[in-house]
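Enquirer: File name input_8.txt; file contents compact mmCIF, C-alpha atoms and all ligand atoms; full text below.
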# COMPACT_ATOMS: atom_id res chain seq x y z
CA MET A 1 0.00 0.00 0.00
CA ILE A 2 1.35 3.42 -0.98
CA ILE A 3 0.00 6.51 0.78
CA ALA A 4 0.71 10.10 -0.29
CA VAL A 5 0.23 12.83 2.32
CA ASP A 6 0.64 16.35 0.97
CA GLY A 7 -0.10 19.70 2.48
CA SER A 8 0.99 23.09 3.72
CA ALA A 9 3.59 23.88 6.39
CA ALA A 10 2.64 22.85 9.93
CA SER A 11 -0.72 21.52 8.74
CA GLY A 12 -0.18 18.23 10.56
CA LYS A 13 0.80 16.19 7.49
CA GLY A 14 4.01 14.87 9.09
CA THR A 15 2.21 13.77 12.24
CA LEU A 16 -0.48 12.02 10.19
CA ALA A 17 2.10 10.35 7.92
CA LYS A 18 4.07 8.99 10.90
CA ARG A 19 0.96 7.64 12.57
CA LEU A 20 -0.31 5.98 9.38
CA ALA A 21 3.10 4.36 8.84
CA ALA A 22 3.13 2.94 12.38
CA HIS A 23 -0.51 1.79 12.18
CA TYR A 24 -0.22 -0.03 8.82
CA ASP A 25 3.42 -1.10 9.31
CA LEU A 26 4.68 0.94 6.36
CA ALA A 27 7.99 2.72 5.78
CA HIS A 28 7.83 6.52 6.12
CA LEU A 29 9.70 9.24 4.24
CA ASP A 30 9.44 12.92 5.20
CA THR A 31 10.37 14.37 1.82
CA GLY A 32 10.59 17.90 3.24
CA ALA A 33 13.66 16.67 5.13
CA LEU A 34 15.39 16.08 1.77
CA TYR A 35 14.89 19.72 0.75
CA ARG A 36 15.86 20.86 4.24
CA CYS A 37 19.11 18.79 4.14
CA LEU A 38 19.96 20.38 0.80
CA ALA A 39 19.18 23.85 2.19
CA LEU A 40 21.37 23.26 5.26
CA HIS A 41 24.22 22.01 3.06
CA LEU A 42 24.01 25.14 0.87
CA ILE A 43 23.80 27.50 3.87
CA THR A 44 26.89 25.80 5.35
CA GLU A 45 28.66 26.40 2.02
CA GLY A 46 27.87 30.12 2.36
CA ARG A 47 24.95 30.27 -0.06
CA THR A 48 21.89 32.43 0.60
CA ALA A 49 18.41 32.60 -0.92
CA THR A 50 19.55 35.47 -3.11
CA ASN A 51 22.88 34.15 -4.38
CA VAL A 52 22.24 30.42 -4.88
CA THR A 53 21.93 29.36 -8.51
CA GLU A 54 19.79 26.52 -9.85
CA SER A 55 22.75 24.58 -11.25
CA GLU A 56 24.65 24.90 -7.97
CA ALA A 57 21.66 23.74 -5.92
CA ALA A 58 20.84 20.87 -8.28
CA GLY A 59 24.50 19.81 -8.36
CA ALA A 60 24.60 19.75 -4.56
CA VAL A 61 21.77 17.19 -4.32
CA GLY A 62 24.33 14.37 -4.67
CA SER A 63 26.46 15.76 -1.81
CA ILE A 64 23.84 16.11 0.90
CA ASP A 65 24.27 14.19 4.10
CA LEU A 66 21.00 12.31 4.62
CA LEU A 67 22.03 11.54 8.21
CA MET A 68 21.19 15.19 8.88
CA ALA A 69 17.52 14.36 8.15
CA GLY A 70 17.08 13.33 11.78
CA SER A 71 18.91 16.33 13.22
CA ALA A 72 17.52 19.44 14.91
CA ALA A 73 19.77 21.55 12.66
CA ILE A 74 17.36 21.21 9.71
CA ARG A 75 14.32 22.20 11.78
CA THR A 76 14.93 25.96 11.88
CA ASP A 77 12.88 28.62 10.11
CA ALA A 78 15.98 29.79 8.22
CA VAL A 79 16.51 26.30 6.78
CA ALA A 80 12.79 26.01 5.92
CA GLY A 81 12.94 29.32 4.03
CA MET A 82 16.01 28.29 2.05
CA ALA A 83 14.39 24.87 1.40
CA SER A 84 11.37 26.52 -0.22
CA VAL A 85 13.63 28.65 -2.42
CA VAL A 86 15.62 25.71 -3.80
CA ALA A 87 12.47 23.54 -3.98
CA ALA A 88 11.07 25.96 -6.57
CA MET A 89 13.98 25.11 -8.92
CA PRO A 90 12.94 22.46 -11.49
CA ALA A 91 16.44 20.90 -11.75
CA VAL A 92 16.54 20.42 -7.96
CA ARG A 93 13.13 18.73 -7.89
CA GLN A 94 14.13 16.52 -10.82
CA ASN A 95 17.22 15.31 -8.94
CA PHE A 96 15.09 14.16 -5.99
CA VAL A 97 12.51 12.24 -8.04
CA SER A 98 14.16 8.83 -8.33
CA LEU A 99 15.20 8.71 -4.67
CA GLN A 100 11.58 9.27 -3.60
CA ARG A 101 10.14 6.74 -6.07
CA GLN A 102 12.72 4.14 -5.10
CA PHE A 103 11.88 4.60 -1.44
CA ALA A 104 8.19 4.01 -2.17
CA THR A 105 8.67 0.90 -4.25
CA GLN A 106 11.62 -0.80 -2.55
CA THR A 107 10.58 -0.79 1.08
CA PRO A 108 12.35 -3.43 3.19
CA ASN A 109 9.26 -5.30 4.39
CA ARG A 110 7.48 -4.88 1.03
CA ARG A 111 4.28 -3.75 2.72
CA GLY A 112 4.54 -0.28 1.24
CA ALA A 113 5.25 3.27 2.28
CA VAL A 114 3.87 6.62 3.34
CA LEU A 115 5.54 9.69 1.84
CA ASP A 116 4.69 13.19 3.01
CA GLY A 117 5.46 16.40 1.17
CA ARG A 118 4.03 18.87 -1.31
CA ASP A 119 3.83 16.99 -4.63
CA ILE A 120 3.71 13.31 -3.70
CA GLY A 121 0.18 12.62 -4.93
CA SER A 122 0.42 14.98 -7.90
CA VAL A 123 3.92 14.32 -9.30
CA ILE A 124 6.02 11.72 -7.47
CA LEU A 125 3.46 8.95 -6.94
CA PRO A 126 0.38 9.74 -9.04
CA ASP A 127 -0.74 6.09 -8.72
CA ALA A 128 -0.62 6.04 -4.91
CA ASP A 129 -3.40 3.91 -3.37
CA PHE A 130 -4.48 6.73 -1.06
CA LYS A 131 -3.89 10.47 -1.25
CA PHE A 132 -4.50 13.01 1.47
CA PHE A 133 -4.16 16.77 1.30
CA ILE A 134 -3.82 18.40 4.71
CA ASP A 135 -4.35 22.12 5.25
CA ALA A 136 -5.31 24.59 7.97
CA ASP A 137 -5.66 28.35 8.42
CA LEU A 138 -2.35 30.20 8.28
CA GLU A 139 -2.79 31.68 11.79
CA GLU A 140 -3.37 28.30 13.34
CA ARG A 141 -0.41 26.78 11.50
CA ALA A 142 1.86 29.65 12.58
CA ARG A 143 0.68 29.15 16.20
CA ARG A 144 1.53 25.45 16.03
CA ARG A 145 4.95 26.06 14.47
CA THR A 146 5.81 28.80 17.03
CA LYS A 147 4.98 26.39 19.86
CA GLU A 148 6.97 23.58 18.22
CA LEU A 149 10.04 25.82 17.76
CA GLN A 150 9.80 27.14 21.33
CA GLU A 151 9.43 23.62 22.71
CA SER A 152 12.58 22.58 20.84
CA GLY A 153 14.48 25.39 22.60
CA GLN A 154 14.54 27.88 19.72
CA SER A 155 13.50 31.48 20.28
CA ALA A 156 10.48 32.08 18.07
CA MET A 157 8.05 35.00 17.89
CA PHE A 158 4.57 34.35 16.50
CA ARG A 159 4.69 37.39 14.16
CA ASP A 160 8.03 36.31 12.57
CA VAL A 161 6.90 32.70 12.16
CA PHE A 162 3.60 33.90 10.65
CA GLU A 163 5.35 36.12 8.10
CA ASP A 164 7.97 33.50 7.18
CA MET A 165 5.23 30.92 6.71
CA GLN A 166 3.16 33.29 4.59
CA ASP A 167 6.17 33.90 2.29
CA ARG A 168 6.91 30.19 2.11
CA ASP A 169 3.24 29.35 1.38
CA ARG A 170 3.28 31.86 -1.45
CA ARG A 171 6.49 30.40 -2.95
CA ASP A 172 5.17 26.83 -2.59
CA ARG A 173 1.76 27.59 -4.12
CA GLU A 174 2.87 29.93 -6.90
CA ARG A 175 5.94 28.16 -8.26
CA SER A 176 5.58 26.82 -11.78
CA GLU A 177 7.11 23.42 -11.00
CA ALA A 178 5.00 21.09 -8.82
CA PRO A 179 3.10 23.84 -6.98
CA LEU A 180 1.43 22.96 -3.71
CA LYS A 181 -2.13 21.93 -4.55
CA ALA A 182 -4.37 18.99 -3.85
CA ALA A 183 -4.30 16.17 -6.38
CA GLU A 184 -7.76 15.74 -7.92
CA ASP A 185 -8.24 12.36 -6.26
CA ALA A 186 -6.93 13.42 -2.81
CA LEU A 187 -9.10 13.50 0.29
CA VAL A 188 -8.76 17.06 1.62
CA ILE A 189 -8.70 17.41 5.41
CA ASP A 190 -8.81 20.85 7.03
CA THR A 191 -7.15 20.46 10.44
CA THR A 192 -7.79 23.99 11.73
CA ARG A 193 -10.22 22.68 14.33
CA LEU A 194 -9.16 19.02 14.43
CA ASP A 195 -6.62 17.49 16.80
CA ALA A 196 -4.15 14.81 15.65
CA ASP A 197 -6.37 11.94 16.87
CA SER A 198 -9.36 13.20 14.89
CA VAL A 199 -7.30 13.63 11.70
CA PHE A 200 -5.93 10.11 12.14
CA ALA A 201 -9.47 8.76 12.61
CA VAL A 202 -10.70 10.46 9.41
CA ALA A 203 -7.74 9.08 7.42
CA THR A 204 -7.91 5.52 8.73
CA SER A 205 -11.65 5.25 8.22
CA HIS A 206 -11.16 6.43 4.63
CA ILE A 207 -8.43 3.82 4.06
CA ASP A 208 -10.19 0.97 5.85
CA GLY A 209 -13.44 1.71 4.07
CA ASN A 210 -11.76 1.53 0.68
CA THR A 211 -9.23 -1.25 1.13
CA ASN A 212 -9.41 -4.83 0.05
CA PRO A 213 -8.89 -6.60 3.45
CA LYS A 214 -6.14 -8.84 1.96
CA ARG A 215 -3.98 -5.82 1.23
CA ARG A 216 -4.05 -4.29 4.72
O1 LIG B 301 7.57 21.01 8.08
P1 LIG B 301 7.04 21.95 7.04
O2 LIG B 301 5.74 21.51 6.47
O3 LIG B 301 7.06 23.37 7.49
O4 LIG B 301 8.07 21.95 5.82
P2 LIG B 301 8.72 20.69 5.10
O5 LIG B 301 7.68 19.68 4.73
O6 LIG B 301 9.87 20.21 5.91
O7 LIG B 301 9.24 21.35 3.73
C1 LIG B 301 10.14 22.44 3.69
C2 LIG B 301 10.04 23.06 2.30
O8 LIG B 301 10.49 22.12 1.33
C3 LIG B 301 8.62 23.44 1.86
O9 LIG B 301 8.25 24.77 2.18
C4 LIG B 301 8.65 23.23 0.35
O10 LIG B 301 9.05 24.38 -0.33
C5 LIG B 301 9.71 22.18 0.14
N1 LIG B 301 9.16 20.85 -0.19
C6 LIG B 301 8.76 20.62 -1.51
O11 LIG B 301 8.79 21.52 -2.31
N2 LIG B 301 8.34 19.37 -1.88
C7 LIG B 301 8.26 18.38 -0.98
N3 LIG B 301 7.85 17.17 -1.40
C8 LIG B 301 8.61 18.59 0.35
C9 LIG B 301 9.04 19.86 0.74
Can you dump the structure from the file as structure tokens?
Expert:
Amino acid sequence: MIIAVDGSAASGKGTLAKRLAAHYDLAHLDTGALYRCLALHLITEGRTATNVTESEAAGAVGSIDLLMAGSAAIRTDAVAGMASVVAAMPAVRQNFVSLQRQFATQTPNRRGAVLDGRDIGSVILPDADFKFFIDADLEERARRRTKELQESGQSAMFRDVFEDMQDRDRRDRERSEAPLKAAEDALVIDTTRLDADSVFAVATSHIDGNTNPKRR
């Protein structure tokens, strides 16, 4: 079973993807972490959002350290901003395609995978068995992200997080390559007034109600 979970920043897509993976015993890939690892690598090399070129960023995809995917260093707002800049570059996105498709199709236990990101259901895995698109009001998402950053020990002000997220949303939705939007066959879930348990319940009842029992 392949599940695509797409959505906006801090919408709850990562939380849902992790819980679905644990529940159905599937492998999980947070594809945003790939773009964040690339962004961190470029920042460390002295690049900024205004001086990084597409060929430089695309060329650096092969040099990123995927071990950084689990590190706190990629979870800053500065890294997220740079990630959304390089993620708008077609050559960068192209260089991440095969890695994501391989992950989905070559999972160790062969049960399948959950991938979360922005373009999983629309571009990377258009034939996914289930597609979800997770969104919430910008204010609520900025509140969640501010809390998350503060809880991880970073100093974060709601206003700054709100403005950074608004800029990032705009870049993600307006870019010409793989813009953030729900795939036509995705189930859209607005999490503004839903907690993680309720979102999980909506998603699992959709999957269980549409799955051949032998494939679960
Ligand atoms: O955690 P959050 O939702 O804030 O961000 P993320 O999923 O870690 O993604 C960081 C940035 O990478 C996003 O703002 C997108 O610009 C980009 N991204 C993308 O373009 N495509 C993906 N499949 C995943 C992330």
Enquirer: Quick one: contact table of chain A to ligand LIG 301 (chain B), 8 Å max, nearest atom pair and distance in Å to one decimal per residue, counting only C-alpha atoms and all ligand atoms, chain and number order, as CSV?
Expert:
residue,atom,partner,partner_atom,distance
A:Asp6,CA,B:LIG301,N3,7.6
A:Gly7,CA,B:LIG301,O2,7.3
A:Ser8,CA,B:LIG301,O2,5.7
A:Ala9,CA,B:LIG301,O2,3.2
A:Ala10,CA,B:LIG301,O2,4.8
A:Ser11,CA,B:LIG301,O2,6.8
A:Gly12,CA,B:LIG301,O2,7.9
A:Lys13,CA,B:LIG301,O2,7.3
A:Gly14,CA,B:LIG301,O1,7.2
A:Asp30,CA,B:LIG301,O5,7.0
A:Thr31,CA,B:LIG301,C8,4.8
A:Gly32,CA,B:LIG301,C9,3.5
A:Ala33,CA,B:LIG301,O6,5.2
A:Leu34,CA,B:LIG301,C8,7.4
A:Tyr35,CA,B:LIG301,O8,5.0
A:Arg36,CA,B:LIG301,C1,6.0
A:Arg75,CA,B:LIG301,O6,7.6
A:Ala80,CA,B:LIG301,C1,5.0
A:Gly81,CA,B:LIG301,O9,6.8
A:Met82,CA,B:LIG301,C2,7.9
A:Ala83,CA,B:LIG301,O8,4.8
A:Ser84,CA,B:LIG301,O10,3.2
A:Val85,CA,B:LIG301,O10,6.6
A:Val86,CA,B:LIG301,O10,7.5
A:Ala87,CA,B:LIG301,O11,4.5
A:Ala88,CA,B:LIG301,O11,6.6
A:Arg93,CA,B:LIG301,O11,7.6
A:Asp116,CA,B:LIG301,N3,6.7
A:Gly117,CA,B:LIG301,N3,3.6
A:Arg118,CA,B:LIG301,N3,4.2
A:Asp119,CA,B:LIG301,N3,5.2
A:Ile120,CA,B:LIG301,N3,6.1
A:Arg145,CA,B:LIG301,O3,7.8
A:Met165,CA,B:LIG301,O3,7.8
A:Arg168,CA,B:LIG301,O9,5.6
A:Asp169,CA,B:LIG301,O9,6.8
A:Arg171,CA,B:LIG301,O10,7.0
A:Asp172,CA,B:LIG301,O10,5.1
A:Ala178,CA,B:LIG301,O11,7.5
A:Pro179,CA,B:LIG301,O11,7.7
A:Leu180,CA,B:LIG301,O11,7.6
Enquirer: Write out, as a PDB file, in the coordinates of the input, the residues just selected, with C-alpha atoms.
Expert:
ATOM      1  CA  ASP A   6       0.640  16.350   0.970  1.00  0.00           C
ATOM      2  CA  GLY A   7      -0.100  19.700   2.480  1.00  0.00           C
ATOM      3  CA  SER A   8       0.990  23.090   3.720  1.00  0.00           C
ATOM      4  CA  ALA A   9       3.590  23.880   6.390  1.00  0.00           C
ATOM      5  CA  ALA A  10       2.640  22.850   9.930  1.00  0.00           C
ATOM      6  CA  SER A  11      -0.720  21.520   8.740  1.00  0.00           C
ATOM      7  CA  GLY A  12      -0.180  18.230  10.560  1.00  0.00           C
ATOM      8  CA  LYS A  13       0.800  16.190   7.490  1.00  0.00           C
ATOM      9  CA  GLY A  14       4.010  14.870   9.090  1.00  0.00           C
ATOM     10  CA  ASP A  30       9.440  12.920   5.200  1.00  0.00           C
ATOM     11  CA  THR A  31      10.370  14.370   1.820  1.00  0.00           C
ATOM     12  CA  GLY A  32      10.590  17.900   3.240  1.00  0.00           C
ATOM     13  CA  ALA A  33      13.660  16.670   5.130  1.00  0.00           C
ATOM     14  CA  LEU A  34      15.390  16.080   1.770  1.00  0.00           C
ATOM     15  CA  TYR A  35      14.890  19.720   0.750  1.00  0.00           C
ATOM     16  CA  ARG A  36      15.860  20.860   4.240  1.00  0.00           C
ATOM     17  CA  ARG A  75      14.320  22.200  11.780  1.00  0.00           C
ATOM     18  CA  ALA A  80      12.790  26.010   5.920  1.00  0.00           C
ATOM     19  CA  GLY A  81      12.940  29.320   4.030  1.00  0.00           C
ATOM     20  CA  MET A  82      16.010  28.290   2.050  1.00  0.00           C
ATOM     21  CA  ALA A  83      14.390  24.870   1.400  1.00  0.00           C
ATOM     22  CA  SER A  84      11.370  26.520  -0.220  1.00  0.00           C
ATOM     23  CA  VAL A  85      13.630  28.650  -2.420  1.00  0.00           C
ATOM     24  CA  VAL A  86      15.620  25.710  -3.800  1.00  0.00           C
ATOM     25  CA  ALA A  87      12.470  23.540  -3.980  1.00  0.00           C
ATOM     26  CA  ALA A  88      11.070  25.960  -6.570  1.00  0.00           C
ATOM     27  CA  ARG A  93      13.130  18.730  -7.890  1.00  0.00           C
ATOM     28  CA  ASP A 116       4.690  13.190   3.010  1.00  0.00           C
ATOM     29  CA  GLY A 117       5.460  16.400   1.170  1.00  0.00           C
ATOM     30  CA  ARG A 118       4.030  18.870  -1.310  1.00  0.00           C
ATOM     31  CA  ASP A 119       3.830  16.990  -4.630  1.00  0.00           C
ATOM     32  CA  ILE A 120       3.710  13.310  -3.700  1.00  0.00           C
ATOM     33  CA  ARG A 145       4.950  26.060  14.470  1.00  0.00           C
ATOM     34  CA  MET A 165       5.230  30.920   6.710  1.00  0.00           C
ATOM     35  CA  ARG A 168       6.910  30.190   2.110  1.00  0.00           C
ATOM     36  CA  ASP A 169       3.240  29.350   1.380  1.00  0.00           C
ATOM     37  CA  ARG A 171       6.490  30.400  -2.950  1.00  0.00           C
ATOM     38  CA  ASP A 172       5.170  26.830  -2.590  1.00  0.00           C
ATOM     39  CA  ALA A 178       5.000  21.090  -8.820  1.00  0.00           C
ATOM     40  CA  PRO A 179       3.100  23.840  -6.980  1.00  0.00           C
ATOM     41  CA  LEU A 180       1.430  22.960  -3.710  1.00  0.00           C
TER      42      LEU A 180
END
Enquirer: Distance atom CA of Arg47 of chain A-atom CA of Ile74 of chain A, one decimal place?
Expert: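 Going from atom CA of Arg47 of chain A over to atom CA of Ile74 of chain A, I get 15.3 Å.
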Enquirer: Within 8 Å of segment 187-204 of chain A, which residues of segment 127-183 of chain A show up? Give each one with its shortest atom-to-atom distance in Å (one decimal) and the two atoms involved, counting all atoms listed in the file, rows by chain then rising residue number, as a Markdown table.
Expert:
| residue | atom | partner | partner_atom | distance |
| --- | --- | --- | --- | --- |
| A:Lys131 | CA | A:Leu187 | CA | 6.2 |
| A:Phe132 | CA | A:Leu187 | CA | 4.8 |
| A:Phe133 | CA | A:Val188 | CA | 4.6 |
| A:Ile134 | CA | A:Ile189 | CA | 5.0 |
| A:Asp135 | CA | A:Asp190 | CA | 5.0 |
| A:Ala136 | CA | A:Thr192 | CA | 4.5 |
| A:Asp137 | CA | A:Thr192 | CA | 5.9 |
| A:Glu140 | CA | A:Thr192 | CA | 6.4 |
| A:Arg141 | CA | A:Thr192 | CA | 7.9 |
| A:Ala182 | CA | A:Val188 | CA | 7.3 |
Enquirer: Can you work out which one of A:Thr53, A:Gln154, A:Gln100, A:Thr107 has the shortest atom-to-atom distance to Ala78 of chain A, counting only C-alpha atoms?
Expert: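 Closest candidate: A:Gln154.
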Enquirer: Given only C-alpha atoms as the basis, pick out the residue of A:Arg143, A:Leu66, A:Val61, A:Asp129 nearest to Asn210 of chain A.
Expert: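 For Asn210 of chain A, the nearest of the given residues is A:Asp129.
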Enquirer: Looking at A:Phe103, A:Pro90, A:Glu45, A:Val114, which one is nearest to Leu16 of chain A, with distances taken over all atoms listed in the file?
Expert: A:Val114
Enquirer: When you draw a straight line from atom CA of Ala183 of chain A to atom CA of Ala142 of chain A, how long is it in Å?
Expert: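 So the answer is 24.1 Å.
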Enquirer: Which one is closest to Ala104 of chain A: A:His28, A:His206, A:Lys181, A:Arg19? Count all atoms listed in the file.
Expert: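 Of A:His28, A:His206, A:Lys181, A:Arg19, the one nearest Ala104 of chain A is A:His28, counting all atoms listed in the file.
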Enquirer: So what do you get for atom CA of Phe130 of chain A versus atom CA of Phe96 of chain A, distance-wise?
Expert: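 Here the two named atoms are 21.5 Å from each other.
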Enquirer: Considering all atoms listed in the file, state which residue in the set A:Val92, A:Ala49, A:Cys37, A:Leu99 is at the smallest distance from Gly70 of chain A.
Expert: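 For Gly70 of chain A, the nearest of the given residues is A:Cys37.
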Enquirer: Quick one: of A:Ser55, A:Gln106, A:Ser71, A:Thr76, who's nearest to Glu148 of chain A, counting only C-alpha atoms?
Expert: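 Result for the nearest residue to Glu148 of chain A: A:Thr76.
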Enquirer: Write out as lines of an AutoDock Vina configuration file an axis-aligned box for segment 4-15 of chain A: all of its atoms listed in the file, 4 Å added on each side, centre and edge lengths in Å with one decimal.
Expert:
center_x = 1.6
center_y = 17.0
center_z = 6.0
size_x = 12.7
size_y = 21.8
size_z = 20.5
Enquirer: Could you list, as a ChimeraX atom specification, every residue within 12 Å of Arg101 of chain A, counting all atoms listed in the file and ignoring same-chain residues fewer than 3 positions away?
Expert: /A:2,4,29,31,94-98,104-107,112-115,120-121,123-128
